[in-house]
$ cat my_file07.txt   # compact mmCIF, N, CA and C atoms
# COMPACT_ATOMS: atom_id res chain seq x y z
N MET A 1 -4.74 -46.46 9.90
CA MET A 1 -4.33 -45.93 8.62
C MET A 1 -4.36 -44.40 8.68
N PRO A 2 -3.26 -43.73 8.30
CA PRO A 2 -3.23 -42.27 8.36
C PRO A 2 -4.18 -41.64 7.35
N VAL A 3 -4.68 -40.47 7.72
CA VAL A 3 -5.58 -39.73 6.83
C VAL A 3 -4.77 -39.13 5.69
N LYS A 4 -5.29 -39.25 4.48
CA LYS A 4 -4.63 -38.66 3.31
C LYS A 4 -4.68 -37.15 3.41
N LYS A 5 -3.58 -36.51 3.09
CA LYS A 5 -3.54 -35.05 3.03
C LYS A 5 -4.33 -34.59 1.80
N LYS A 6 -5.06 -33.50 1.97
CA LYS A 6 -5.91 -32.97 0.90
C LYS A 6 -5.21 -31.78 0.25
N ILE A 7 -5.08 -31.85 -1.08
CA ILE A 7 -4.44 -30.77 -1.83
C ILE A 7 -5.42 -30.23 -2.87
N LEU A 8 -5.57 -28.91 -2.86
CA LEU A 8 -6.39 -28.22 -3.85
C LEU A 8 -5.47 -27.74 -4.97
N ILE A 9 -5.73 -28.18 -6.19
CA ILE A 9 -4.97 -27.70 -7.34
C ILE A 9 -5.86 -26.74 -8.14
N VAL A 10 -5.26 -25.61 -8.53
CA VAL A 10 -6.02 -24.56 -9.22
C VAL A 10 -5.28 -24.17 -10.48
N ASP A 11 -5.91 -24.40 -11.62
CA ASP A 11 -5.31 -24.06 -12.90
C ASP A 11 -6.43 -23.97 -13.92
N ASP A 12 -6.34 -23.03 -14.85
CA ASP A 12 -7.36 -22.91 -15.89
C ASP A 12 -7.13 -23.86 -17.06
N SER A 13 -6.01 -24.56 -17.05
CA SER A 13 -5.70 -25.51 -18.11
C SER A 13 -6.11 -26.92 -17.70
N PRO A 14 -7.06 -27.53 -18.43
CA PRO A 14 -7.45 -28.90 -18.11
C PRO A 14 -6.27 -29.89 -18.18
N VAL A 15 -5.35 -29.66 -19.10
CA VAL A 15 -4.18 -30.54 -19.22
C VAL A 15 -3.34 -30.49 -17.95
N ASN A 16 -3.11 -29.28 -17.43
CA ASN A 16 -2.33 -29.15 -16.19
C ASN A 16 -3.05 -29.77 -15.01
N LEU A 17 -4.37 -29.62 -14.94
CA LEU A 17 -5.14 -30.24 -13.86
C LEU A 17 -5.02 -31.75 -13.90
N ILE A 18 -5.13 -32.32 -15.08
CA ILE A 18 -5.02 -33.77 -15.22
C ILE A 18 -3.63 -34.24 -14.81
N LEU A 19 -2.60 -33.54 -15.28
CA LEU A 19 -1.23 -33.90 -14.94
C LEU A 19 -0.98 -33.83 -13.44
N LEU A 20 -1.34 -32.72 -12.82
CA LEU A 20 -1.13 -32.57 -11.38
C LEU A 20 -1.94 -33.60 -10.59
N ASP A 21 -3.19 -33.79 -10.97
CA ASP A 21 -4.03 -34.77 -10.29
C ASP A 21 -3.41 -36.16 -10.37
N SER A 22 -2.93 -36.54 -11.53
CA SER A 22 -2.31 -37.84 -11.73
C SER A 22 -1.07 -38.02 -10.84
N ILE A 23 -0.20 -37.03 -10.85
CA ILE A 23 1.03 -37.10 -10.04
C ILE A 23 0.70 -37.21 -8.56
N LEU A 24 -0.19 -36.35 -8.09
CA LEU A 24 -0.48 -36.30 -6.66
C LEU A 24 -1.30 -37.50 -6.18
N SER A 25 -2.25 -37.94 -6.98
CA SER A 25 -3.05 -39.10 -6.61
C SER A 25 -2.20 -40.36 -6.52
N ARG A 26 -1.25 -40.51 -7.44
CA ARG A 26 -0.39 -41.70 -7.44
C ARG A 26 0.46 -41.82 -6.19
N VAL A 27 0.83 -40.69 -5.58
CA VAL A 27 1.65 -40.75 -4.38
C VAL A 27 0.81 -40.67 -3.10
N GLY A 28 -0.52 -40.72 -3.25
CA GLY A 28 -1.38 -40.87 -2.09
C GLY A 28 -2.08 -39.64 -1.56
N TYR A 29 -2.06 -38.53 -2.29
CA TYR A 29 -2.78 -37.34 -1.83
C TYR A 29 -4.22 -37.37 -2.30
N ASN A 30 -5.11 -36.80 -1.51
CA ASN A 30 -6.50 -36.61 -1.88
C ASN A 30 -6.56 -35.28 -2.63
N VAL A 31 -6.92 -35.29 -3.90
CA VAL A 31 -6.86 -34.10 -4.75
C VAL A 31 -8.25 -33.56 -5.03
N ILE A 32 -8.38 -32.25 -4.88
CA ILE A 32 -9.58 -31.54 -5.31
C ILE A 32 -9.13 -30.45 -6.28
N GLN A 33 -10.04 -30.02 -7.15
CA GLN A 33 -9.65 -29.12 -8.23
C GLN A 33 -10.53 -27.88 -8.32
N ALA A 34 -9.93 -26.82 -8.83
CA ALA A 34 -10.67 -25.61 -9.21
C ALA A 34 -10.03 -25.08 -10.48
N THR A 35 -10.83 -24.40 -11.30
CA THR A 35 -10.32 -23.90 -12.58
C THR A 35 -10.14 -22.39 -12.61
N ASN A 36 -10.43 -21.72 -11.49
CA ASN A 36 -10.23 -20.27 -11.43
C ASN A 36 -10.09 -19.82 -9.98
N GLY A 37 -9.67 -18.58 -9.80
CA GLY A 37 -9.42 -18.06 -8.46
C GLY A 37 -10.65 -17.98 -7.58
N GLU A 38 -11.78 -17.57 -8.15
CA GLU A 38 -13.01 -17.46 -7.37
C GLU A 38 -13.43 -18.82 -6.82
N ASP A 39 -13.43 -19.84 -7.68
CA ASP A 39 -13.77 -21.18 -7.21
C ASP A 39 -12.77 -21.68 -6.17
N ALA A 40 -11.51 -21.36 -6.36
CA ALA A 40 -10.47 -21.79 -5.41
C ALA A 40 -10.77 -21.25 -4.01
N ILE A 41 -11.16 -20.00 -3.93
CA ILE A 41 -11.47 -19.39 -2.64
C ILE A 41 -12.66 -20.11 -1.99
N GLN A 42 -13.72 -20.33 -2.76
CA GLN A 42 -14.91 -20.99 -2.23
C GLN A 42 -14.61 -22.43 -1.79
N ILE A 43 -13.88 -23.16 -2.63
CA ILE A 43 -13.56 -24.56 -2.31
C ILE A 43 -12.64 -24.63 -1.09
N ALA A 44 -11.68 -23.74 -1.00
CA ALA A 44 -10.77 -23.74 0.15
C ALA A 44 -11.54 -23.49 1.44
N ARG A 45 -12.49 -22.58 1.43
CA ARG A 45 -13.31 -22.33 2.62
C ARG A 45 -14.11 -23.56 3.02
N LYS A 46 -14.65 -24.25 2.03
CA LYS A 46 -15.52 -25.40 2.29
C LYS A 46 -14.72 -26.65 2.64
N GLU A 47 -13.65 -26.93 1.91
CA GLU A 47 -12.93 -28.20 2.02
C GLU A 47 -11.73 -28.18 2.98
N HIS A 48 -11.23 -27.00 3.31
CA HIS A 48 -10.06 -26.85 4.21
C HIS A 48 -8.90 -27.75 3.78
N PRO A 49 -8.36 -27.53 2.57
CA PRO A 49 -7.24 -28.37 2.13
C PRO A 49 -6.00 -28.15 3.00
N ASP A 50 -5.12 -29.13 2.99
CA ASP A 50 -3.86 -29.02 3.73
C ASP A 50 -2.85 -28.16 2.98
N LEU A 51 -3.05 -28.01 1.66
CA LEU A 51 -2.12 -27.26 0.82
C LEU A 51 -2.83 -26.88 -0.47
N ILE A 52 -2.40 -25.76 -1.07
CA ILE A 52 -2.97 -25.33 -2.36
C ILE A 52 -1.83 -25.16 -3.35
N ILE A 53 -2.02 -25.73 -4.54
CA ILE A 53 -1.11 -25.50 -5.67
C ILE A 53 -1.87 -24.58 -6.62
N LEU A 54 -1.29 -23.40 -6.87
CA LEU A 54 -2.04 -22.33 -7.51
C LEU A 54 -1.30 -21.75 -8.70
N ASP A 55 -1.95 -21.78 -9.86
CA ASP A 55 -1.43 -21.11 -11.04
C ASP A 55 -1.59 -19.60 -10.82
N ILE A 56 -0.75 -18.81 -11.44
CA ILE A 56 -0.84 -17.36 -11.28
C ILE A 56 -1.72 -16.74 -12.36
N VAL A 57 -1.46 -17.10 -13.62
CA VAL A 57 -2.18 -16.47 -14.74
C VAL A 57 -3.45 -17.25 -15.04
N MET A 58 -4.58 -16.63 -14.66
CA MET A 58 -5.90 -17.22 -14.92
C MET A 58 -6.86 -16.08 -15.21
N PRO A 59 -7.91 -16.33 -15.99
CA PRO A 59 -8.90 -15.27 -16.23
C PRO A 59 -9.67 -14.97 -14.94
N GLY A 60 -10.19 -13.76 -14.86
CA GLY A 60 -10.93 -13.37 -13.66
C GLY A 60 -9.96 -13.10 -12.53
N ILE A 61 -10.22 -13.68 -11.38
CA ILE A 61 -9.34 -13.52 -10.23
C ILE A 61 -8.10 -14.38 -10.47
N ASP A 62 -6.94 -13.74 -10.61
CA ASP A 62 -5.72 -14.50 -10.86
C ASP A 62 -5.20 -15.13 -9.56
N GLY A 63 -4.15 -15.90 -9.67
CA GLY A 63 -3.62 -16.63 -8.53
C GLY A 63 -3.11 -15.72 -7.42
N LEU A 64 -2.48 -14.61 -7.77
CA LEU A 64 -1.97 -13.70 -6.74
C LEU A 64 -3.12 -13.07 -5.94
N GLU A 65 -4.17 -12.67 -6.63
CA GLU A 65 -5.33 -12.10 -5.95
C GLU A 65 -6.04 -13.16 -5.11
N ALA A 66 -6.19 -14.36 -5.65
CA ALA A 66 -6.83 -15.44 -4.89
C ALA A 66 -6.04 -15.72 -3.61
N ALA A 67 -4.71 -15.79 -3.72
CA ALA A 67 -3.87 -16.04 -2.54
C ALA A 67 -4.03 -14.92 -1.52
N SER A 68 -4.06 -13.70 -1.99
CA SER A 68 -4.23 -12.56 -1.09
C SER A 68 -5.56 -12.64 -0.34
N ARG A 69 -6.61 -12.99 -1.04
CA ARG A 69 -7.93 -13.13 -0.41
C ARG A 69 -7.95 -14.29 0.58
N LEU A 70 -7.29 -15.39 0.23
CA LEU A 70 -7.22 -16.54 1.14
C LEU A 70 -6.48 -16.16 2.42
N LYS A 71 -5.43 -15.38 2.30
CA LYS A 71 -4.64 -14.98 3.47
C LYS A 71 -5.36 -13.95 4.32
N ASP A 72 -6.37 -13.28 3.77
CA ASP A 72 -7.15 -12.30 4.53
C ASP A 72 -8.28 -12.94 5.33
N GLN A 73 -8.54 -14.23 5.12
CA GLN A 73 -9.64 -14.90 5.81
C GLN A 73 -9.09 -15.85 6.87
N SER A 74 -9.64 -15.77 8.06
CA SER A 74 -9.13 -16.60 9.16
C SER A 74 -9.24 -18.09 8.87
N ALA A 75 -10.27 -18.51 8.15
CA ALA A 75 -10.48 -19.94 7.88
C ALA A 75 -9.45 -20.52 6.92
N THR A 76 -8.83 -19.66 6.11
CA THR A 76 -7.90 -20.16 5.08
C THR A 76 -6.50 -19.57 5.21
N ARG A 77 -6.28 -18.71 6.16
CA ARG A 77 -5.03 -17.96 6.31
C ARG A 77 -3.79 -18.86 6.43
N THR A 78 -3.91 -19.97 7.10
CA THR A 78 -2.73 -20.80 7.39
C THR A 78 -2.47 -21.89 6.35
N ILE A 79 -3.28 -21.96 5.31
CA ILE A 79 -3.07 -22.99 4.28
C ILE A 79 -1.85 -22.61 3.45
N PRO A 80 -0.84 -23.49 3.39
CA PRO A 80 0.33 -23.19 2.56
C PRO A 80 -0.06 -23.17 1.08
N ILE A 81 0.61 -22.28 0.33
CA ILE A 81 0.35 -22.16 -1.10
C ILE A 81 1.66 -22.32 -1.86
N ILE A 82 1.61 -23.15 -2.89
CA ILE A 82 2.73 -23.28 -3.81
C ILE A 82 2.24 -22.76 -5.17
N PHE A 83 2.88 -21.69 -5.64
CA PHE A 83 2.55 -21.15 -6.95
C PHE A 83 3.33 -21.94 -8.01
N VAL A 84 2.64 -22.36 -9.05
CA VAL A 84 3.27 -23.04 -10.18
C VAL A 84 2.86 -22.24 -11.41
N SER A 85 3.85 -21.58 -12.05
CA SER A 85 3.51 -20.68 -13.16
C SER A 85 4.67 -20.50 -14.11
N SER A 86 4.35 -20.19 -15.33
CA SER A 86 5.39 -19.86 -16.32
C SER A 86 6.03 -18.52 -16.04
N LEU A 87 5.41 -17.70 -15.18
CA LEU A 87 5.97 -16.39 -14.83
C LEU A 87 7.13 -16.48 -13.84
N VAL A 88 7.28 -17.61 -13.17
CA VAL A 88 8.22 -17.71 -12.06
C VAL A 88 9.66 -17.44 -12.48
N LYS A 89 10.12 -18.07 -13.53
CA LYS A 89 11.53 -17.89 -13.93
C LYS A 89 11.86 -16.43 -14.19
N LYS A 90 11.00 -15.76 -14.91
CA LYS A 90 11.26 -14.39 -15.33
C LYS A 90 11.06 -13.38 -14.20
N HIS A 91 10.12 -13.65 -13.30
CA HIS A 91 9.73 -12.66 -12.30
C HIS A 91 9.86 -13.17 -10.85
N SER A 92 10.75 -14.12 -10.59
CA SER A 92 10.81 -14.74 -9.26
C SER A 92 11.07 -13.74 -8.15
N SER A 93 11.98 -12.79 -8.34
CA SER A 93 12.29 -11.81 -7.29
C SER A 93 11.07 -10.96 -6.95
N MET A 94 10.39 -10.48 -7.97
CA MET A 94 9.20 -9.66 -7.75
C MET A 94 8.10 -10.46 -7.05
N LEU A 95 7.89 -11.70 -7.49
CA LEU A 95 6.84 -12.53 -6.90
C LEU A 95 7.12 -12.82 -5.43
N LYS A 96 8.37 -13.11 -5.10
CA LYS A 96 8.73 -13.40 -3.71
C LYS A 96 8.51 -12.18 -2.83
N LYS A 97 8.73 -11.00 -3.35
CA LYS A 97 8.50 -9.77 -2.57
C LYS A 97 7.00 -9.52 -2.40
N MET A 98 6.22 -9.82 -3.45
CA MET A 98 4.78 -9.61 -3.39
C MET A 98 4.09 -10.60 -2.47
N MET A 99 4.56 -11.85 -2.49
CA MET A 99 3.91 -12.92 -1.74
C MET A 99 4.94 -13.66 -0.90
N PRO A 100 5.50 -13.04 0.11
CA PRO A 100 6.53 -13.70 0.91
C PRO A 100 5.99 -14.93 1.63
N GLY A 101 6.85 -15.91 1.82
CA GLY A 101 6.46 -17.11 2.56
C GLY A 101 5.84 -18.20 1.71
N HIS A 102 5.75 -17.96 0.42
CA HIS A 102 5.18 -18.97 -0.47
C HIS A 102 6.27 -19.56 -1.34
N ALA A 103 6.03 -20.76 -1.84
CA ALA A 103 6.96 -21.38 -2.78
C ALA A 103 6.52 -21.04 -4.20
N PHE A 104 7.50 -20.91 -5.07
CA PHE A 104 7.25 -20.61 -6.48
C PHE A 104 8.03 -21.60 -7.32
N LEU A 105 7.32 -22.40 -8.12
CA LEU A 105 7.97 -23.34 -9.03
C LEU A 105 7.62 -22.98 -10.46
N PRO A 106 8.62 -23.02 -11.34
CA PRO A 106 8.35 -22.66 -12.74
C PRO A 106 7.65 -23.78 -13.50
N LYS A 107 6.83 -23.38 -14.47
CA LYS A 107 6.28 -24.33 -15.45
C LYS A 107 7.23 -24.32 -16.63
N PRO A 108 7.52 -25.40 -17.23
CA PRO A 108 7.13 -26.73 -16.78
C PRO A 108 7.91 -27.12 -15.53
N PHE A 109 7.22 -27.72 -14.58
CA PHE A 109 7.86 -28.10 -13.33
C PHE A 109 8.40 -29.52 -13.43
N LYS A 110 9.33 -29.81 -12.56
CA LYS A 110 9.85 -31.16 -12.45
C LYS A 110 9.06 -31.85 -11.35
N LYS A 111 8.61 -33.06 -11.63
CA LYS A 111 7.78 -33.82 -10.70
C LYS A 111 8.43 -33.91 -9.32
N GLN A 112 9.71 -34.27 -9.27
CA GLN A 112 10.39 -34.43 -7.98
C GLN A 112 10.50 -33.10 -7.24
N ALA A 113 10.70 -32.01 -7.96
CA ALA A 113 10.77 -30.69 -7.32
C ALA A 113 9.43 -30.33 -6.69
N LEU A 114 8.36 -30.61 -7.40
CA LEU A 114 7.02 -30.34 -6.88
C LEU A 114 6.75 -31.16 -5.63
N LEU A 115 7.02 -32.46 -5.70
CA LEU A 115 6.76 -33.34 -4.56
C LEU A 115 7.61 -32.95 -3.35
N LYS A 116 8.85 -32.51 -3.60
CA LYS A 116 9.71 -32.07 -2.51
C LYS A 116 9.12 -30.84 -1.82
N GLU A 117 8.66 -29.86 -2.60
CA GLU A 117 8.04 -28.66 -2.03
C GLU A 117 6.79 -29.02 -1.22
N ILE A 118 5.98 -29.90 -1.77
CA ILE A 118 4.76 -30.31 -1.07
C ILE A 118 5.10 -30.95 0.27
N ARG A 119 6.03 -31.91 0.26
CA ARG A 119 6.42 -32.58 1.51
C ARG A 119 6.95 -31.56 2.52
N GLU A 120 7.78 -30.65 2.05
CA GLU A 120 8.36 -29.66 2.95
C GLU A 120 7.28 -28.80 3.60
N HIS A 121 6.30 -28.37 2.82
CA HIS A 121 5.24 -27.53 3.36
C HIS A 121 4.31 -28.30 4.29
N LEU A 122 4.04 -29.54 3.98
CA LEU A 122 3.14 -30.32 4.83
C LEU A 122 3.83 -30.77 6.12
N GLU A 123 5.12 -31.03 6.05
CA GLU A 123 5.86 -31.48 7.24
C GLU A 123 6.34 -30.33 8.10
N ASN A 124 6.60 -29.18 7.50
CA ASN A 124 7.15 -28.03 8.22
C ASN A 124 6.36 -26.77 7.91
N PRO A 125 5.13 -26.67 8.44
CA PRO A 125 4.37 -25.46 8.15
C PRO A 125 5.09 -24.24 8.72
N GLY A 126 4.85 -23.12 8.10
CA GLY A 126 5.51 -21.89 8.52
C GLY A 126 6.14 -21.23 7.33
N PRO A 127 7.02 -20.25 7.55
CA PRO A 127 7.64 -19.55 6.43
C PRO A 127 8.34 -20.52 5.49
N SER A 128 8.12 -20.33 4.21
CA SER A 128 8.67 -21.22 3.19
C SER A 128 10.08 -20.83 2.82
N LYS A 129 10.81 -21.80 2.33
CA LYS A 129 12.10 -21.53 1.72
C LYS A 129 11.87 -21.04 0.28
N ALA A 130 10.60 -20.99 -0.13
CA ALA A 130 10.15 -20.42 -1.40
C ALA A 130 10.87 -21.01 -2.61
N GLY A 131 10.99 -22.30 -2.66
CA GLY A 131 11.54 -22.96 -3.82
C GLY A 131 12.99 -22.59 -4.07
N GLU A 132 13.78 -22.41 -3.02
CA GLU A 132 15.16 -21.94 -3.18
C GLU A 132 15.99 -22.82 -4.12
N ASP A 133 15.69 -24.11 -4.18
CA ASP A 133 16.45 -24.99 -5.06
C ASP A 133 16.11 -24.76 -6.53
N PHE A 134 15.00 -24.08 -6.80
CA PHE A 134 14.52 -24.03 -8.17
C PHE A 134 14.42 -22.63 -8.72
N CYS A 135 14.56 -21.60 -7.88
CA CYS A 135 14.47 -20.22 -8.31
C CYS A 135 15.68 -19.46 -7.78
N PRO A 136 16.09 -18.41 -8.46
CA PRO A 136 17.23 -17.62 -7.95
C PRO A 136 16.92 -17.03 -6.59
N LYS A 137 17.93 -16.93 -5.74
CA LYS A 137 17.75 -16.35 -4.41
C LYS A 137 17.75 -14.84 -4.51
N ILE A 138 17.02 -14.23 -3.59
CA ILE A 138 16.95 -12.77 -3.51
C ILE A 138 18.11 -12.28 -2.65
N GLY A 139 18.71 -11.15 -3.07
CA GLY A 139 19.71 -10.49 -2.26
C GLY A 139 20.97 -11.22 -2.23
$ encode --input "my_file07.txt" --output "structure tokens"
Amino acid sequence: MPVKKKILIVDDSPVNLILLDSILSRVGYNVIQATNGEDAIQIARKEHPDLIILDIVMPGIDGLEAASRLKDQSATRTIPIIFVSSLVKKHSSMLKKMMPGHAFLPKPFKKQALLKEIREHLENPGPSKAGEDFCPKIG
């Protein structure tokens, strides 16, 4: 039996955590949760998830800062990150320049779009297409 892939979901909204956990658990992922950027960093170091789904707007350490700190640490540097945020539609070009190689999906997200991004990142690690099907392309 194959080992379940572990996904860390990070969001300060309990409703979003429940929704993401439900979607991902139903399709067979092992889900762990954090409610802020600081906890996300600590949990990622300890649990070594295969992928992180990260909200951007959170109190304290926001998602962009948490991602930056994760990428600065050798133990967490290679973990793919998918940002899911209401900021994506309005600021997609800026976000892609700030955090190249990551996927950005807008809230509210479509379940199939999220699952497609997750599969793509888990099956093809490396530079992301950054949600090209769901966000405007740069340049």
$ atom_distance --input "my_file07.txt" --atom1 "atom C of Ala66 in chain A" --atom2 "atom C of Phe104 in chain A"
15.7 Å
$ atom_distance --input "my_file07.txt" --atom1 "CA of Gly28 in chain A" --atom2 "CA of Gly63 in chain A"
25.2 Å
$ residues_around --input "my_file07.txt" --residues "range 2-7 of chain A" --least-positions-apart "4" --cutoff "5 Å" --atoms "only N, CA and C atoms" --output "VMD selection string"
chain A and resid 29 to 32 49 to 51
$ write_last_selection --input "my_file07.txt" --atoms "N, CA and C atoms" --output "short mmCIF file (atom, residue, chain, number, x, y, z; two decimals), keeping the file's coordinate frame"
data_model
loop_
_atom_site.label_atom_id
_atom_site.label_comp_id
_atom_site.auth_asym_id
_atom_site.auth_seq_id
_atom_site.Cartn_x
_atom_site.Cartn_y
_atom_site.Cartn_z
N TYR A 29 -2.06 -38.53 -2.29
CA TYR A 29 -2.78 -37.34 -1.83
C TYR A 29 -4.22 -37.37 -2.30
N ASN A 30 -5.11 -36.80 -1.51
CA ASN A 30 -6.50 -36.61 -1.88
C ASN A 30 -6.56 -35.28 -2.63
N VAL A 31 -6.92 -35.29 -3.90
CA VAL A 31 -6.86 -34.10 -4.75
C VAL A 31 -8.25 -33.56 -5.03
N ILE A 32 -8.38 -32.25 -4.88
CA ILE A 32 -9.58 -31.54 -5.31
C ILE A 32 -9.13 -30.45 -6.28
N PRO A 49 -8.36 -27.53 2.57
CA PRO A 49 -7.24 -28.37 2.13
C PRO A 49 -6.00 -28.15 3.00
N ASP A 50 -5.12 -29.13 2.99
CA ASP A 50 -3.86 -29.02 3.73
C ASP A 50 -2.85 -28.16 2.98
N LEU A 51 -3.05 -28.01 1.66
CA LEU A 51 -2.12 -27.26 0.82
C LEU A 51 -2.83 -26.88 -0.47
#
$ select_by_dssp --input "my_file07.txt" --residues "range 32-76 of chain A" --states "alpha helix (DSSP H)" --output "ChimeraX atom specification"
/A:37-47,63-71
$ closest_residue --input "my_file07.txt" --among "A:Ile52, A:Ile23, A:Val10, A:Ala67" --to "Leu122 in chain A" --atoms "only C-alpha atoms"
A:Ile52
$ atom_distance --input "my_file07.txt" --atom1 "CA of Glu120 in chain A" --atom2 "atom C of Asp21 in chain A"
18.9 Å
$ closest_residue --input "my_file07.txt" --among "A:Thr35, A:Pro106, A:Leu8, A:Ile41" --to "Pro59 in chain A" --atoms "only C-alpha atoms"
A:Thr35
$ closest_residue --input "my_file07.txt" --among "A:Thr76, A:Gln33, A:Ser22, A:Ser68" --to "His48 in chain A" --atoms "only N, CA and C atoms"
A:Thr76
$ closest_residue --input "my_file07.txt" --among "A:Thr78, A:Asp62, A:Val84, A:Ser25" --to "Glu38 in chain A" --atoms "all atoms listed in the file"
A:Asp62
$ select_by_dssp --input "my_file07.txt" --residues "range 30-59 of chain A" --states "strand (DSSP E or B)" --output "JSON, numbers by chain"
{"A": [30, 31, 32, 33, 34, 51, 52, 53, 54]}
$ residues_near_point --input "my_file07.txt" --point "(3.8, -18.3, -6.2)" --cutoff "6 Å" --atoms "only N, CA and C atoms" --output "ChimeraX atom specification"
/A:82-84,102-105
